[in-house]
Amino acid sequence: MTSILPLVDGRGIDNLMITSSTASLIASQEGFIEEPRKSLDQKTGIVTSSSTTTTATSSSTTTNNDDSKRACHVIIVNAPDFHYEVIESTVLRYPLPFHKFNCTTSKPIIFDFLLYDNWLGKDGDISAGVIKPKYLNESEFWSWNTYFESYLQHNIFDRIDGTKALMNRVLKYSDMDNKTADEVDARIDVSCEFNQVSMHEVIKDDRLFCVLHSKCDQCTKLHFERSCFISPMWPKEQCTFMALDLPKFEKSELMSIASGHHQITPMEPRHKIDTGSDIEEGNPMYQPGSDTSTMRICVFGRNRNHTILSNLFAQVPYQKYNATFHIGGRDIRELSQVYERSGIDMSKIHIFFEKGYREYYRNVAQCNIYLPATDPKERPAHFPSGMKRLTGSIPQVIAYKLPSVMHVELEKIYHEYLVVAPVEVYNDSFESKVKALTRMMERVGGGFFLAATKS
């Protein structure tokens with residue numbers, strides 16, 4: 001089985017550099033006009049607009065095609081019980097100097113996964129300060145491992161450098177010994193700054209590489225040379241990639257809405273993209289004019305200002321579009337109280353906490369409008385002046401082609417990646433937020449996608 005990558009970026013990666021200038025953006029206090037908005041071919045990695053064409057260039061990270069040598073062997077390391085959403089993209093996108101390894105890339109590269117196993121109460125690395133759960137199903141590892149065994153293990157996938165990756169097995173720390181370590185060509189720690197052992201060893205061990213998630217004050221020049229960041233808020237010479245490889249779904253899975261929700265009829269995405277994949281992709285869109293259709297407006301993630309969000313939802317024409325608001329959070333009781341105080345019809349509010357890895361992303365993929373709910377005031381760490389940390393909602397918007405409503409400063413950061421589905425932006429005022437979300441509801445409810453794809 002071969003997977004087609006949902007999107008190819010590579011901004012800042014030497015072997016996959018995208019260097020086009022950003023398409024013009026005409027901004028105003030109430031939104032922006034896209035003239036022109038670029039499209040990105042998911043299969044080839046080519047970004048195009050009416051004025052520019054740029055291509056993901058050939059790899060400068062030399063591969064080794066000597067068939068007489070063994071297959072390359074890489075271990076993905078993740079000590080804490082989070083960041084599982086980064087693992088697939090690290091396998092498929094992280095550039096490694098294979099020409100320095102005593103192996104061949106003419107054979108699929110074998111990837112093993114040395115992950116958090118505190119859930120066994122044994123020898124897992126707890127340097128991140130994560131408390132050991134008492135029960136197996138309290139860890140995020142368990143559901144990711146189920147997803148791995150069901151959809152990834154023993155399958156071969158295309159990497160963006162032209163090599164192939166074999167998803168092999170999940171290891172426990174007790175499986176590692178000197179012999180196993182000696183047979184490994186490279187290790188990539190996907191939570192490097194959360195693992196002080198890796199941060200110390202990376203400057204000594206030329207087989208260890210890092211994924212960094214935010215500004216790194218402790219990093220030296222050598223750390224940066226052996227690391228990739230998962231956000232584009234870095235100079236182009238720094239290795240970066242976006243974690244866009246998320247669970248994929250058949251169209252029938254997206255039409256089968258969770259119990260208590262109406263069925264949504266899929267509409268086509270704004271741009272038709274030939275991915276070469278047998279997986280049905282695209283956002284299940286609200287179908288205007290149908291009495292049984294529900295427009296799903298979503299906010300997922302922690303540390304959102306739900307007082308503002310509840311008041312926002314109460315001010316938009318949700319009855320007109322039969323809209324429901326889907327809020328993912330951990331403290332369901334507390335969130336319910338916040339939304340009750342806003343005066344909104346609570347039958348339109350769906351609050352949930354989903355532990356299952358794939359089921360969580362199925363909920364995301366079913367959204368018709370997505371709100372990252374991240375702005376420089378409420379969440380400054382996610383902007384260039386702060387910690388330059390990626391907000392997890394952005395890869396979800398890109399990978400699942402979701403219409404989105406976001407702060408204008410957040411859109412500026414990811415403008416060149418938001419090329420398929422429409423975006424509405426707002427400024428710091430509450431009135432601007434209401435207008436932006438209302439505009440998007442009108443666009444989705446008015447069949448914007450259907451008209452755009454037929455034009």
# chains A, B, ... in the order shown; residues from 1 in each chain; ligands from 1
>>> residues_around(residues="Val299 in chain A", least_positions_apart="2", cutoff="8 Å", atoms="only C-alpha atoms", output="VMD selection string")
chain A and resid 297 301 325 to 328 370 to 373
>>> residues_around(residues="Met233 in chain A", least_positions_apart="5", cutoff="12 Å", atoms="only C-alpha atoms", output="list of chain:residue names")
A:Arg11, A:Gly12, A:His213, A:Ser214, A:Lys215, A:Cys228, A:Gln238, A:Cys239, A:Thr240, A:Phe241, A:Met242, A:Ala381, A:His382, A:Phe383, A:Pro384, A:Ser385, A:Gly386, A:Met387, A:Lys388, A:Arg389, A:Leu390, A:Thr391, A:Leu410, A:Lys412, A:Ile413, A:Tyr414, A:His415
>>> residues_around(residues="Phe430 in chain A", least_positions_apart="3", cutoff="8 Å", atoms="only C-alpha atoms", output="VMD selection string")
chain A and resid 312 433 to 434
>>> write_last_selection(atoms="all heavy atoms", output="tab-separated table (two decimals), in the first residue's frame")
chain	number	residue	atom	x	y	z
A	312	LEU	N	-19.60	34.77	20.78
A	312	LEU	CA	-19.50	34.84	19.32
A	312	LEU	C	-20.58	33.98	18.68
A	312	LEU	O	-21.30	34.43	17.78
A	312	LEU	CB	-18.11	34.38	18.88
A	312	LEU	CG	-17.90	34.14	17.38
A	312	LEU	CD1	-18.08	35.43	16.60
A	312	LEU	CD2	-16.52	33.55	17.13
A	433	LYS	N	-14.85	39.65	14.63
A	433	LYS	CA	-15.00	38.19	14.70
A	433	LYS	C	-16.39	37.76	14.25
A	433	LYS	O	-16.55	36.80	13.48
A	433	LYS	CB	-14.75	37.70	16.14
A	433	LYS	CG	-13.33	37.81	16.65
A	433	LYS	CD	-13.25	37.23	18.06
A	433	LYS	CE	-11.82	37.24	18.60
A	433	LYS	NZ	-11.36	38.60	18.91
A	434	VAL	N	-17.41	38.47	14.72
A	434	VAL	CA	-18.79	38.14	14.36
A	434	VAL	C	-18.98	38.27	12.85
A	434	VAL	O	-19.56	37.39	12.19
A	434	VAL	CB	-19.79	39.05	15.10
A	434	VAL	CG1	-21.22	38.82	14.59
A	434	VAL	CG2	-19.72	38.81	16.60
>>> select_by_dssp(residues="range 144-203 of chain A", states="helix (DSSP H, G or I)", output="list in words")
Trp144, Asn145, Thr146, Tyr147, Phe148, Glu149, Ser150, Tyr151, Leu152, Tyr173, Ser174, Asp175, Asn178, Lys179, Thr180, Ala181, Asp182, Cys192, Glu193, Phe194, Gln196, Val197, Ser198, Met199, His200 and Glu201 of chain A
>>> write_last_selection(atoms="N, CA, C and O atoms", output="compact mmCIF listing (two decimals), in the first residue's frame")
# COMPACT_ATOMS: atom_id res chain seq x y z
N TRP A 144 -3.15 5.64 19.76
CA TRP A 144 -2.27 5.78 18.60
C TRP A 144 -1.72 4.43 18.18
O TRP A 144 -1.62 4.13 16.98
N ASN A 145 -1.38 3.59 19.15
CA ASN A 145 -0.85 2.27 18.83
C ASN A 145 -1.90 1.43 18.09
O ASN A 145 -1.58 0.69 17.15
N THR A 146 -3.16 1.55 18.48
CA THR A 146 -4.25 0.86 17.78
C THR A 146 -4.35 1.36 16.35
O THR A 146 -4.52 0.56 15.40
N TYR A 147 -4.25 2.67 16.16
CA TYR A 147 -4.27 3.25 14.81
C TYR A 147 -3.08 2.74 13.99
O TYR A 147 -3.23 2.36 12.83
N PHE A 148 -1.90 2.71 14.61
CA PHE A 148 -0.70 2.23 13.92
C PHE A 148 -0.88 0.80 13.44
O PHE A 148 -0.60 0.47 12.28
N GLU A 149 -1.33 -0.06 14.32
CA GLU A 149 -1.49 -1.47 13.97
C GLU A 149 -2.54 -1.68 12.89
O GLU A 149 -2.43 -2.60 12.06
N SER A 150 -3.57 -0.83 12.86
CA SER A 150 -4.68 -1.01 11.92
C SER A 150 -4.43 -0.40 10.56
O SER A 150 -4.92 -0.91 9.54
N TYR A 151 -3.67 0.71 10.50
CA TYR A 151 -3.57 1.47 9.25
C TYR A 151 -2.15 1.68 8.74
O TYR A 151 -1.98 2.03 7.56
N LEU A 152 -1.14 1.53 9.57
CA LEU A 152 0.22 1.86 9.15
C LEU A 152 1.16 0.66 9.11
O LEU A 152 1.93 0.51 8.17
N TYR A 173 11.09 0.45 25.59
CA TYR A 173 12.44 0.78 26.02
C TYR A 173 13.22 -0.46 26.43
O TYR A 173 14.43 -0.54 26.25
N SER A 174 12.50 -1.44 26.95
CA SER A 174 13.17 -2.68 27.36
C SER A 174 13.67 -3.49 26.17
O SER A 174 14.50 -4.38 26.32
N ASP A 175 13.17 -3.16 24.94
CA ASP A 175 13.63 -3.86 23.74
C ASP A 175 14.99 -3.36 23.28
O ASP A 175 15.66 -4.02 22.48
N ASN A 178 22.44 -2.68 23.26
CA ASN A 178 23.56 -2.14 22.48
C ASN A 178 23.54 -2.63 21.04
O ASN A 178 23.85 -1.90 20.11
N LYS A 179 23.19 -3.92 20.87
CA LYS A 179 23.16 -4.48 19.52
C LYS A 179 22.12 -3.78 18.66
O LYS A 179 22.39 -3.40 17.51
N THR A 180 20.92 -3.58 19.22
CA THR A 180 19.87 -2.90 18.47
C THR A 180 20.30 -1.48 18.13
O THR A 180 20.12 -1.01 17.00
N ALA A 181 20.89 -0.80 19.09
CA ALA A 181 21.34 0.57 18.87
C ALA A 181 22.40 0.65 17.78
O ALA A 181 22.41 1.57 16.96
N ASP A 182 23.29 -0.32 17.73
CA ASP A 182 24.36 -0.32 16.73
C ASP A 182 23.84 -0.52 15.31
O ASP A 182 24.47 -0.11 14.34
N CYS A 192 12.00 16.67 21.03
CA CYS A 192 13.37 16.82 21.51
C CYS A 192 13.50 17.76 22.70
O CYS A 192 14.16 17.45 23.69
N GLU A 193 12.86 18.95 22.60
CA GLU A 193 13.05 19.91 23.69
C GLU A 193 12.38 19.48 24.98
O GLU A 193 12.60 20.08 26.03
N PHE A 194 11.53 18.45 24.92
CA PHE A 194 10.89 17.91 26.12
C PHE A 194 11.70 16.75 26.70
O PHE A 194 11.31 16.18 27.71
N GLN A 196 15.46 16.13 27.84
CA GLN A 196 16.78 16.71 28.06
C GLN A 196 17.91 15.74 27.71
O GLN A 196 19.02 16.16 27.40
N VAL A 197 17.62 14.45 27.77
CA VAL A 197 18.64 13.47 27.37
C VAL A 197 18.98 13.67 25.89
O VAL A 197 20.15 13.73 25.50
N SER A 198 17.95 13.79 25.05
CA SER A 198 18.18 14.00 23.62
C SER A 198 18.84 15.34 23.36
O SER A 198 19.75 15.45 22.51
N MET A 199 18.43 16.39 24.05
CA MET A 199 19.03 17.70 23.84
C MET A 199 20.51 17.69 24.18
O MET A 199 21.32 18.40 23.57
N HIS A 200 20.91 16.87 25.13
CA HIS A 200 22.33 16.76 25.50
C HIS A 200 23.09 15.88 24.50
O HIS A 200 24.21 16.19 24.09
N GLU A 201 22.44 14.78 24.06
CA GLU A 201 23.13 13.82 23.21
C GLU A 201 23.24 14.26 21.76
O GLU A 201 24.16 13.83 21.05
